[in-house]
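> Here you go, data12.tsv (TSV, C-alpha atoms):
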chain	number	residue	atom	x	y	z
T	1	MET	CA	77.46	136.20	100.51
T	2	SER	CA	77.80	136.46	96.74
T	3	ILE	CA	80.84	134.95	95.04
T	4	GLU	CA	82.03	135.60	91.51
T	5	THR	CA	84.24	133.04	89.80
T	6	THR	CA	87.05	135.61	89.69
T	7	ASP	CA	86.88	136.37	93.42
T	8	VAL	CA	89.42	135.06	95.91
T	9	ILE	CA	87.23	133.03	98.26
T	10	GLU	CA	88.22	132.68	101.89
T	11	ASP	CA	88.33	129.19	103.34
T	12	ASP	CA	85.68	128.20	105.85
T	13	TRP	CA	87.61	125.03	106.71
T	14	ASN	CA	90.56	122.92	105.55
T	15	PRO	CA	89.93	119.16	105.54
T	16	ILE	CA	93.51	118.21	104.66
T	17	GLU	CA	94.70	119.63	107.98
T	18	LEU	CA	92.26	117.60	110.10
T	19	GLU	CA	93.02	114.41	111.99
T	20	SER	CA	90.43	111.66	111.54
T	21	GLY	CA	89.08	112.06	115.07
T	22	GLU	CA	88.41	115.77	114.54
T	23	TYR	CA	85.87	115.38	111.76
T	24	PRO	CA	82.69	114.85	113.85
T	25	ALA	CA	83.17	118.03	115.89
T	26	VAL	CA	84.19	120.13	112.89
T	27	TYR	CA	81.27	118.88	110.83
T	28	LYS	CA	78.88	119.58	113.70
T	29	GLU	CA	80.08	123.17	113.99
T	30	LEU	CA	79.87	123.73	110.24
T	31	ARG	CA	76.44	122.11	110.05
T	32	ALA	CA	75.16	124.61	112.64
T	33	GLU	CA	77.02	127.76	111.65
T	34	CYS	CA	78.10	127.38	108.02
T	35	PRO	CA	75.88	124.83	106.26
T	36	VAL	CA	77.47	125.66	102.92
T	37	ALA	CA	81.22	125.96	103.42
T	38	TYR	CA	84.09	126.55	101.01
T	39	THR	CA	87.61	125.13	101.10
T	40	SER	CA	90.47	125.66	98.67
T	41	ASP	CA	91.76	122.15	99.46
T	42	TYR	CA	91.61	119.67	96.58
T	43	ASP	CA	91.39	122.47	94.01
T	44	GLY	CA	88.48	124.06	95.87
T	45	PHE	CA	84.92	122.92	96.53
T	46	PHE	CA	81.72	123.96	98.27
T	47	ASP	CA	80.38	121.56	100.89
T	48	PHE	CA	76.83	120.84	102.10
T	49	PHE	CA	76.56	119.52	105.67
T	50	ARG	CA	72.85	119.28	106.52
T	51	TYR	CA	70.80	116.16	105.86
T	52	SER	CA	68.05	117.93	103.92
T	53	ASP	CA	70.57	119.58	101.58
T	54	VAL	CA	72.61	116.43	101.02
T	55	GLN	CA	69.52	114.31	100.38
T	56	LYS	CA	68.07	116.88	97.98
T	57	GLY	CA	71.37	117.35	96.18
T	58	SER	CA	71.79	113.59	95.77
T	59	ARG	CA	68.47	113.42	93.91
T	60	ASP	CA	68.86	116.62	91.86
T	61	TRP	CA	71.21	115.48	89.10
T	62	ARG	CA	70.02	118.30	86.85
T	63	THR	CA	71.58	120.86	89.21
T	64	TYR	CA	74.33	118.77	90.81
T	65	ALA	CA	75.71	116.61	88.03
T	66	SER	CA	78.00	113.65	88.54
T	67	GLY	CA	81.32	113.56	86.75
T	68	GLN	CA	83.98	113.74	89.48
T	69	PRO	CA	82.55	111.51	92.21
T	70	PHE	CA	85.61	111.73	94.46
T	71	LEU	CA	86.59	115.26	95.43
T	72	GLU	CA	90.24	114.31	95.94
T	73	PHE	CA	90.75	112.91	92.44
T	74	PRO	CA	90.26	115.27	89.49
T	75	GLN	CA	91.32	112.51	87.07
T	76	PHE	CA	89.98	109.38	88.73
T	77	MET	CA	89.73	106.27	86.56
T	78	ARG	CA	86.74	106.58	84.25
T	79	SER	CA	83.88	104.76	85.97
T	80	ILE	CA	80.42	103.85	84.68
T	81	PRO	CA	77.73	104.51	85.81
T	82	ILE	CA	78.85	106.70	88.76
T	83	GLN	CA	80.34	109.39	86.50
T	84	GLU	CA	77.33	109.48	84.20
T	85	ASN	CA	73.98	111.26	84.42
T	86	PRO	CA	70.59	110.34	82.98
T	87	PRO	CA	69.75	109.19	80.37
T	88	VAL	CA	73.17	107.52	79.90
T	89	HIS	CA	73.33	106.64	83.59
T	90	THR	CA	69.82	105.15	83.42
T	91	PHE	CA	70.79	102.79	80.59
T	92	TYR	CA	73.74	101.32	82.49
T	93	ARG	CA	71.97	101.24	85.82
T	94	LYS	CA	69.09	99.28	84.26
T	95	PHE	CA	71.60	96.81	82.83
T	96	LEU	CA	73.43	96.32	86.15
T	97	ALA	CA	70.37	96.08	88.41
T	98	PRO	CA	69.57	92.36	87.81
T	99	TYR	CA	73.04	91.33	88.99
T	100	PHE	CA	72.27	92.77	92.44
T	101	LEU	CA	68.77	91.42	92.98
T	102	PRO	CA	68.04	89.30	96.09
T	103	ALA	CA	68.16	86.10	94.02
T	104	ARG	CA	71.79	86.86	93.01
T	105	LEU	CA	72.72	87.62	96.61
T	106	GLU	CA	71.10	84.36	97.67
T	107	MET	CA	73.43	82.54	95.27
T	108	LEU	CA	76.42	84.34	96.79
T	109	GLN	CA	75.40	84.00	100.45
T	110	PRO	CA	76.92	80.51	101.04
T	111	ASP	CA	80.24	81.75	99.66
T	112	ILE	CA	80.12	84.79	101.95
T	113	GLU	CA	79.41	82.66	105.01
T	114	ALA	CA	82.14	80.17	104.09
T	115	LEU	CA	84.77	82.81	103.34
T	116	VAL	CA	84.10	84.61	106.61
T	117	ALA	CA	84.40	81.35	108.55
T	118	GLU	CA	87.50	80.26	106.63
T	119	HIS	CA	89.38	83.40	107.60
T	120	LEU	CA	87.83	84.15	110.98
T	121	ASP	CA	88.08	80.73	112.64
T	122	PRO	CA	91.92	80.54	112.61
T	123	LEU	CA	92.14	84.06	114.05
T	124	ILE	CA	89.81	83.18	116.92
T	125	ALA	CA	91.76	79.98	117.52
T	126	ALA	CA	95.00	81.96	117.68
T	127	GLY	CA	93.44	84.25	120.29
T	128	GLU	CA	94.58	87.51	118.71
T	129	ALA	CA	94.79	89.01	115.23
T	130	ASP	CA	94.82	92.19	113.20
T	131	MET	CA	91.29	92.34	111.81
T	132	ILE	CA	92.40	94.62	108.98
T	133	GLU	CA	95.57	92.85	107.80
T	134	ASP	CA	94.40	89.31	108.57
T	135	PHE	CA	90.74	89.64	107.59
T	136	GLY	CA	89.54	93.01	106.32
T	137	VAL	CA	91.82	93.31	103.30
T	138	ILE	CA	91.23	89.68	102.32
T	139	VAL	CA	87.57	88.70	102.69
T	140	PRO	CA	85.92	91.58	100.74
T	141	GLN	CA	88.31	90.98	97.84
T	142	LYS	CA	87.57	87.25	97.88
T	143	VAL	CA	83.83	87.88	97.96
T	144	LEU	CA	84.14	90.28	95.03
T	145	ALA	CA	86.18	87.68	93.15
T	146	ARG	CA	83.45	85.07	93.70
T	147	PHE	CA	80.79	87.54	92.62
T	148	LEU	CA	82.70	88.25	89.39
T	149	LEU	CA	83.43	84.53	88.81
T	150	LEU	CA	87.19	85.11	89.02
T	151	PRO	CA	89.84	82.51	89.91
T	152	ASP	CA	90.39	81.88	93.63
T	153	ASP	CA	93.75	83.70	93.62
T	154	ALA	CA	92.40	86.83	91.94
T	155	TRP	CA	91.97	88.55	95.30
T	156	VAL	CA	95.77	88.79	95.62
T	157	THR	CA	96.03	91.12	92.62
T	158	MET	CA	93.10	93.13	93.93
T	159	ALA	CA	94.66	93.49	97.38
T	160	ASP	CA	97.98	94.47	95.81
T	161	SER	CA	96.25	97.24	93.86
T	162	LEU	CA	94.71	98.65	97.02
T	163	ALA	CA	98.06	98.42	98.82
T	164	LYS	CA	99.66	100.37	95.98
T	165	ALA	CA	97.25	103.24	96.58
T	166	ASP	CA	97.49	102.99	100.35
T	167	ALA	CA	101.29	103.24	100.22
T	168	VAL	CA	101.05	106.83	98.92
T	169	ARG	CA	97.92	107.86	100.84
T	170	ASN	CA	99.72	110.74	102.58
T	171	ASP	CA	100.97	112.29	99.32
T	172	VAL	CA	98.01	113.88	97.54
T	173	GLU	CA	99.71	114.21	94.15
T	174	LYS	CA	101.09	110.65	94.12
T	175	LEU	CA	97.73	109.29	95.25
T	176	ARG	CA	96.01	111.17	92.44
T	177	GLU	CA	98.46	109.76	89.92
T	178	VAL	CA	98.00	106.18	91.12
T	179	ASN	CA	94.22	106.47	91.03
T	180	LYS	CA	94.14	107.58	87.41
T	181	ASN	CA	94.23	103.94	86.30
T	182	LEU	CA	94.55	101.81	89.44
T	183	TRP	CA	92.09	99.10	88.35
T	184	ASN	CA	92.48	99.35	84.59
T	185	PRO	CA	95.04	96.53	84.11
T	186	THR	CA	92.95	94.11	86.20
T	187	VAL	CA	89.76	94.95	84.32
T	188	GLU	CA	91.47	94.79	80.91
T	189	ALA	CA	92.78	91.31	81.70
T	190	LEU	CA	89.29	90.19	82.74
T	191	ILE	CA	87.77	91.56	79.53
T	192	GLU	CA	90.40	89.77	77.44
T	193	ASP	CA	89.56	86.51	79.22
T	194	ARG	CA	85.81	86.96	78.77
T	195	ARG	CA	86.21	87.67	75.07
T	196	ALA	CA	88.06	84.37	74.75
T	197	ASN	CA	85.99	82.46	77.33
T	198	PRO	CA	82.52	84.00	77.63
T	199	GLN	CA	80.39	82.99	80.61
T	200	ASP	CA	76.62	83.02	81.12
T	201	PRO	CA	75.76	86.74	80.71
T	202	ALA	CA	72.79	86.34	83.05
T	203	ILE	CA	75.22	85.55	85.89
T	204	ASP	CA	78.57	87.02	84.84
T	205	ILE	CA	78.59	90.81	84.67
T	206	MET	CA	81.55	91.18	82.35
T	207	SER	CA	80.15	88.71	79.83
T	208	GLY	CA	76.94	90.73	79.95
T	209	VAL	CA	78.86	93.97	79.51
T	210	LEU	CA	80.46	92.73	76.30
T	211	GLU	CA	77.01	92.09	74.82
T	212	LEU	CA	75.75	95.60	75.59
T	213	GLU	CA	74.70	97.92	72.78
T	214	PRO	CA	74.46	101.49	74.10
T	215	GLU	CA	72.66	103.68	71.56
T	216	GLY	CA	72.30	100.61	69.34
T	217	ARG	CA	76.03	100.13	68.74
T	218	PRO	CA	78.55	97.65	70.18
T	219	ILE	CA	80.04	98.73	73.48
T	220	THR	CA	83.54	100.16	73.21
T	221	GLN	CA	86.57	98.83	75.04
T	222	GLU	CA	86.79	102.08	77.00
T	223	GLU	CA	83.17	101.78	78.15
T	224	ALA	CA	83.58	98.14	79.13
T	225	VAL	CA	86.69	98.96	81.15
T	226	ALA	CA	84.88	101.85	82.85
T	227	ILE	CA	82.08	99.56	84.03
T	228	GLY	CA	84.61	97.07	85.38
T	229	VAL	CA	86.54	99.82	87.12
T	230	GLN	CA	83.32	100.95	88.84
T	231	ILE	CA	82.68	97.45	90.18
T	232	PHE	CA	86.23	96.88	91.42
T	233	SER	CA	86.66	100.32	92.96
T	234	ALA	CA	83.30	100.22	94.74
T	235	GLY	CA	83.48	96.67	96.07
T	236	ALA	CA	86.75	96.56	97.93
T	237	ASP	CA	88.23	99.06	100.38
T	238	THR	CA	84.91	100.58	101.48
T	239	THR	CA	83.86	97.23	102.98
T	240	THR	CA	87.30	96.89	104.58
T	241	ALA	CA	86.78	100.29	106.19
T	242	ALA	CA	83.36	99.26	107.50
T	243	ILE	CA	84.87	96.09	109.01
T	244	GLY	CA	87.38	98.24	110.87
T	245	SER	CA	84.69	100.60	112.13
T	246	ILE	CA	82.61	97.71	113.45
T	247	MET	CA	85.62	96.23	115.24
T	248	LYS	CA	86.46	99.66	116.66
T	249	TYR	CA	83.02	100.15	118.12
T	250	LEU	CA	82.11	96.67	119.30
T	251	GLY	CA	85.67	95.83	120.33
T	252	GLY	CA	85.95	99.05	122.30
T	253	ASN	CA	82.48	99.08	123.88
T	254	PRO	CA	81.78	95.98	125.99
T	255	GLU	CA	78.26	97.15	126.78
T	256	ALA	CA	77.32	97.43	123.11
T	257	GLN	CA	78.77	94.02	122.39
T	258	ALA	CA	76.99	92.47	125.38
T	259	GLN	CA	73.70	93.92	124.18
T	260	LEU	CA	74.04	92.10	120.85
T	261	ARG	CA	74.88	88.85	122.61
T	262	THR	CA	71.66	89.03	124.61
T	263	GLN	CA	69.61	90.59	121.78
T	264	PRO	CA	70.95	89.12	118.52
T	265	GLU	CA	67.88	90.42	116.72
T	266	LEU	CA	69.55	93.86	116.92
T	267	VAL	CA	72.58	92.86	114.82
T	268	ASP	CA	71.17	94.31	111.58
T	269	SER	CA	70.21	97.65	113.11
T	270	ALA	CA	73.49	97.85	115.05
T	271	ILE	CA	75.46	97.46	111.82
T	272	GLU	CA	73.35	100.18	110.20
T	273	GLU	CA	74.04	102.46	113.16
T	274	ILE	CA	77.79	101.99	112.87
T	275	LEU	CA	77.57	102.60	109.13
T	276	ARG	CA	75.67	105.80	109.90
T	277	LEU	CA	78.29	107.02	112.34
T	278	ALA	CA	81.34	106.02	110.28
T	279	PRO	CA	80.68	106.08	106.53
T	280	PRO	CA	83.82	105.01	104.62
T	281	LEU	CA	83.38	107.87	102.13
T	282	HIS	CA	82.54	111.23	103.68
T	283	HIS	CA	81.30	112.77	100.43
T	284	THR	CA	79.85	112.24	97.04
T	285	GLY	CA	81.21	114.75	94.56
T	286	ARG	CA	79.17	116.78	92.08
T	287	LYS	CA	79.47	119.86	89.85
T	288	THR	CA	76.86	122.57	89.53
T	289	THR	CA	75.19	122.91	86.14
T	290	ARG	CA	73.96	126.42	86.97
T	291	GLU	CA	74.42	129.11	89.60
T	292	VAL	CA	72.92	128.02	92.91
T	293	GLU	CA	71.80	130.08	95.91
T	294	ALA	CA	71.93	128.18	99.20
T	295	HIS	CA	71.99	129.49	102.79
T	296	GLY	CA	73.11	132.91	101.65
T	297	VAL	CA	75.90	131.57	99.46
T	298	THR	CA	76.05	131.89	95.69
T	299	ILE	CA	77.70	128.83	94.19
T	300	PRO	CA	78.83	129.51	90.61
T	301	ALA	CA	77.94	127.28	87.69
T	302	GLY	CA	80.63	124.64	87.11
T	303	ALA	CA	81.75	124.66	90.76
T	304	LYS	CA	82.77	121.45	92.49
T	305	VAL	CA	80.38	120.50	95.29
T	306	GLY	CA	80.63	117.98	98.11
T	307	LEU	CA	77.51	116.30	99.47
T	308	ASN	CA	78.79	115.47	102.94
T	309	VAL	CA	77.08	112.23	104.00
T	310	PHE	CA	79.19	111.93	107.18
T	311	ALA	CA	77.89	115.26	108.46
T	312	ALA	CA	74.35	114.59	107.19
T	313	ASN	CA	74.27	111.23	108.98
T	314	ARG	CA	74.66	113.03	112.32
T	315	ASP	CA	72.25	115.89	111.68
T	316	GLU	CA	70.08	116.04	114.80
T	317	ASP	CA	67.19	117.46	112.81
T	318	LYS	CA	67.00	114.00	111.24
T	319	PHE	CA	68.66	111.77	113.86
T	320	PRO	CA	67.89	112.65	117.49
T	321	ASN	CA	71.06	112.42	119.57
T	322	GLY	CA	72.88	112.06	116.28
T	323	ASP	CA	76.41	111.59	117.64
T	324	ALA	CA	75.33	108.68	119.86
T	325	TYR	CA	75.22	104.98	118.98
T	326	MET	CA	71.77	103.46	119.39
T	327	ALA	CA	71.62	99.79	118.39
T	328	ASP	CA	67.84	99.89	118.02
T	329	ARG	CA	67.64	103.19	116.13
T	330	ALA	CA	64.63	103.05	113.82
T	331	PRO	CA	64.06	104.35	111.31
T	332	ASN	CA	67.66	104.91	110.25
T	333	PRO	CA	67.65	106.51	106.78
T	334	HIS	CA	71.41	107.17	106.73
T	335	LEU	CA	73.10	108.18	103.48
T	336	THR	CA	76.24	106.04	103.77
T	337	PHE	CA	75.38	104.11	100.61
T	338	GLY	CA	74.23	107.25	98.82
T	339	HIS	CA	70.78	108.37	97.81
T	340	GLY	CA	68.90	108.91	94.59
T	341	PRO	CA	70.10	107.79	91.14
T	342	HIS	CA	73.61	106.96	92.34
T	343	GLN	CA	72.69	104.91	95.42
T	344	CYS	CA	75.16	102.03	95.80
T	345	MET	CA	73.87	98.92	94.04
T	346	GLY	CA	76.35	96.64	95.79
T	347	SER	CA	75.23	97.56	99.31
T	348	PRO	CA	73.37	94.23	99.85
T	349	ILE	CA	76.64	92.36	99.33
T	350	ALA	CA	78.54	94.61	101.76
T	351	ARG	CA	75.78	94.26	104.34
T	352	ALA	CA	75.81	90.47	103.96
T	353	GLU	CA	79.58	90.38	104.58
T	354	LEU	CA	79.35	92.61	107.64
T	355	LYS	CA	76.46	90.65	109.13
T	356	ALA	CA	78.21	87.30	108.56
T	357	MET	CA	81.28	88.62	110.37
T	358	VAL	CA	79.37	90.02	113.34
T	359	VAL	CA	77.11	86.99	113.75
T	360	GLN	CA	80.02	84.57	113.61
T	361	LEU	CA	82.08	86.64	116.04
T	362	LEU	CA	79.22	86.67	118.53
T	363	GLU	CA	78.55	82.95	118.12
T	364	LYS	CA	82.17	81.79	118.25
T	365	THR	CA	83.51	83.98	121.07
T	366	SER	CA	82.44	84.98	124.52
T	367	ASN	CA	84.13	88.36	124.07
T	368	PHE	CA	86.45	90.26	121.74
T	369	GLU	CA	88.27	93.49	122.49
T	370	LEU	CA	90.68	95.89	120.88
T	371	VAL	CA	94.33	95.57	121.85
T	372	GLY	CA	95.53	99.16	121.99
T	373	GLU	CA	94.18	101.84	119.68
T	374	ILE	CA	92.84	101.11	116.23
T	375	VAL	CA	95.07	102.83	113.65
T	376	SER	CA	93.50	105.18	111.11
T	377	ASN	CA	94.87	105.13	107.58
T	378	GLY	CA	94.88	108.92	107.75
T	379	ARG	CA	93.23	109.63	104.41
T	380	PRO	CA	91.31	112.94	104.43
T	381	LEU	CA	87.58	112.81	103.69
T	382	ARG	CA	87.46	109.07	104.39
T	383	THR	CA	87.03	106.70	107.31
T	384	GLY	CA	89.56	103.90	107.02
T	385	TRP	CA	91.90	101.78	109.07
T	386	THR	CA	95.40	100.37	108.73
T	387	HIS	CA	95.43	98.15	111.84
T	388	ALA	CA	92.80	96.84	114.25
T	389	ARG	CA	94.40	94.38	116.63
T	390	VAL	CA	91.79	92.34	118.49
T	391	ARG	CA	91.93	89.75	121.30
T	392	PHE	CA	89.35	86.93	121.24
T	393	GLU	CA	87.98	84.92	124.15
T	394	LYS	CA	86.24	81.65	123.35
Reformat the file's structure so that it appears as structure tokens.

Amino acid sequence: MSIETTDVIEDDWNPIELESGEYPAVYKELRAECPVAYTSDYDGFFDFFRYSDVQKGSRDWRTYASGQPFLEFPQFMRSIPIQENPPVHTFYRKFLAPYFLPARLEMLQPDIEALVAEHLDPLIAAGEADMIEDFGVIVPQKVLARFLLLPDDAWVTMADSLAKADAVRNDVEKLREVNKNLWNPTVEALIEDRRANPQDPAIDIMSGVLELEPEGRPITQEEAVAIGVQIFSAGADTTTAAIGSIMKYLGGNPEAQAQLRTQPELVDSAIEEILRLAPPLHHTGRKTTREVEAHGVTIPAGAKVGLNVFAANRDEDKFPNGDAYMADRAPNPHLTFGHGPHQCMGSPIARAELKAMVVQLLEKTSNFELVGEIVSNGRPLRTGWTHARVRFEK
């Protein structure tokens, strides 16, 4: 079909109306029958569902430009580099890359292991806990605080910020308003501290940021805040969501858990498989720089586009038996952490946290299981959890 910008476009689907458990089936149907679909939800966007399209679109920044990375939030906090495109994006990405090299993760690894143990051991001893409230909203924030060389109590402010957004998650307009500057006060306070008390810029990102000279000039306050916002917004609730998804699957599938106890060498690939099946963010958002023809649909220039990684991750043209969990799936080129120029730089830290949790759970218990149903946080276009009550057996 051909669509003019003045046409009234009929909806192919409406994500706001879906319950979290309905997404896989709806995405599967759209992937097969309507691989480019339109919805008027969230001010209207076109959505790609097939792996080949999502992968290609993620690489093709000249056609699908970044600018509004989250489809739900037209005025999301300014974030660098995710909202930028080359060559500006390339400058900031090159600056950030050294902070996420294996040597930096190696420095952080003992802290990750210790923080997981510190918060997991009392829960196992108690015999039962909510792995979201008592672990998932705490540990990722504490790891991020260590990574950013923040005080030990900084995670409390971070968790409070996330709770502020979560409290209005069912009201689209209020959620949009909150997310306009959710992390700005925290980042501004950190910048003020680093101006007064600079750290080693080779280790401390924000000290490094303040020495940056984009285009040969001193970095502005707005740019510095935007880089900090990117780090805070990317390093917190997505890992919490992944923790919940792992607990949901392994806590609800004794056979899968037993397999990892007898074959611990599969822990890494099992985590990747759960990440494939339950990506915290369903989409990356883009805007077309020109008119695009795809699968019989004309997408106008300047249109908002979703690259649906959740649907792509289950595309059976790429992943045989794509809706099924296979702990030994290999290769597993899922798109949960993105693809192309905007691939998540912090993914090694998230993976290290998830692996530490799973390994310690397997080593310190004989079994763990969900108590009742895990509770979704109900946010459209995301996989997230409010409660995951788990019983532990030593």
> Quick one, how far is CA of Gly338 in chain T from CA of Ser245 in chain T?
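Interatomic distance, CA of Gly338 in chain T to CA of Ser245 in chain T: 18.2 Å.
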> Using all atoms listed in the file, which residue out of T:Ser376, T:Thr289, T:Gln141, T:Ser347 lies closest to Ala65 in chain T?
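Using all atoms listed in the file, the shortest distance to Ala65 in chain T belongs to T:Thr289.
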> Please list as a VMD selection string every residue within 9 Å of Tyr27 in chain T, counting only C-alpha atoms and excluding residues in the same chain fewer than 5 positions away.
chain T and resid 22 32 49 308 310 to 312 314
> Looking at only C-alpha atoms, which of T:Ala327, T:Asp193, T:Ile349, T:Arg391 is the one that sits closest to Ala103 in chain T?
T:Ile349
> Which residues, written as a list in words, have at least one atom at most 6 Å from range 183-192 of chain T, with all atoms listed in the file counted and residues fewer than 5 positions away on the same chain left out?
Val225, Gly228 and Val229 of chain T
> Would you please work out which residue, of T:Asp41, T:Glu353, T:Glu19, T:Glu84, is nearest to Pro140 in chain T when using all atoms listed in the file?
T:Glu353
> Could you add N, CA and C atoms to range 140-159 of chain T and give me the result as an mmCIF file, in the coordinates of the input?

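New file selection32.cif:
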data_model
loop_
_atom_site.group_PDB
_atom_site.id
_atom_site.type_symbol
_atom_site.label_atom_id
_atom_site.label_comp_id
_atom_site.auth_asym_id
_atom_site.auth_seq_id
_atom_site.Cartn_x
_atom_site.Cartn_y
_atom_site.Cartn_z
ATOM 1 N N PRO T 140 86.708 90.853 101.762
ATOM 2 C CA PRO T 140 85.920 91.580 100.740
ATOM 3 C C PRO T 140 86.435 91.353 99.319
ATOM 4 N N GLN T 141 87.767 91.247 99.177
ATOM 5 C CA GLN T 141 88.310 90.980 97.840
ATOM 6 C C GLN T 141 87.947 89.579 97.363
ATOM 7 N N LYS T 142 87.946 88.606 98.268
ATOM 8 C CA LYS T 142 87.570 87.250 97.880
ATOM 9 C C LYS T 142 86.086 87.152 97.532
ATOM 10 N N VAL T 143 85.255 87.868 98.283
ATOM 11 C CA VAL T 143 83.830 87.880 97.960
ATOM 12 C C VAL T 143 83.601 88.511 96.596
ATOM 13 N N LEU T 144 84.279 89.625 96.327
ATOM 14 C CA LEU T 144 84.140 90.280 95.030
ATOM 15 C C LEU T 144 84.608 89.351 93.912
ATOM 16 N N ALA T 145 85.688 88.622 94.158
ATOM 17 C CA ALA T 145 86.180 87.680 93.150
ATOM 18 C C ALA T 145 85.151 86.590 92.865
ATOM 19 N N ARG T 146 84.492 86.077 93.908
ATOM 20 C CA ARG T 146 83.450 85.070 93.700
ATOM 21 C C ARG T 146 82.268 85.663 92.928
ATOM 22 N N PHE T 147 81.916 86.877 93.288
ATOM 23 C CA PHE T 147 80.790 87.540 92.620
ATOM 24 C C PHE T 147 81.058 87.717 91.134
ATOM 25 N N LEU T 148 82.313 88.014 90.791
ATOM 26 C CA LEU T 148 82.700 88.250 89.390
ATOM 27 C C LEU T 148 83.152 86.976 88.689
ATOM 28 N N LEU T 149 83.033 85.828 89.371
ATOM 29 C CA LEU T 149 83.430 84.530 88.810
ATOM 30 C C LEU T 149 84.897 84.527 88.394
ATOM 31 N N LEU T 150 85.751 85.064 89.267
ATOM 32 C CA LEU T 150 87.190 85.110 89.020
ATOM 33 C C LEU T 150 87.865 83.905 89.676
ATOM 34 N N PRO T 151 89.101 83.593 89.264
ATOM 35 C CA PRO T 151 89.840 82.510 89.910
ATOM 36 C C PRO T 151 90.048 82.788 91.397
ATOM 37 N N ASP T 152 90.273 81.737 92.180
ATOM 38 C CA ASP T 152 90.390 81.880 93.630
ATOM 39 C C ASP T 152 91.532 82.796 94.050
ATOM 40 N N ASP T 153 92.596 82.879 93.234
ATOM 41 C CA ASP T 153 93.750 83.700 93.620
ATOM 42 C C ASP T 153 93.645 85.135 93.109
ATOM 43 N N ALA T 154 92.525 85.485 92.495
ATOM 44 C CA ALA T 154 92.400 86.830 91.940
ATOM 45 C C ALA T 154 92.429 87.909 93.009
ATOM 46 N N TRP T 155 92.017 87.564 94.229
ATOM 47 C CA TRP T 155 91.970 88.550 95.300
ATOM 48 C C TRP T 155 93.358 89.118 95.593
ATOM 49 N N VAL T 156 94.405 88.337 95.321
ATOM 50 C CA VAL T 156 95.770 88.790 95.620
ATOM 51 C C VAL T 156 96.100 90.023 94.778
ATOM 52 N N THR T 157 95.789 89.964 93.502
ATOM 53 C CA THR T 157 96.030 91.120 92.620
ATOM 54 C C THR T 157 95.206 92.312 93.067
ATOM 55 N N MET T 158 93.965 92.050 93.471
ATOM 56 C CA MET T 158 93.100 93.130 93.930
ATOM 57 C C MET T 158 93.655 93.778 95.189
ATOM 58 N N ALA T 159 94.089 92.955 96.135
ATOM 59 C CA ALA T 159 94.660 93.490 97.380
ATOM 60 C C ALA T 159 95.944 94.257 97.109
#
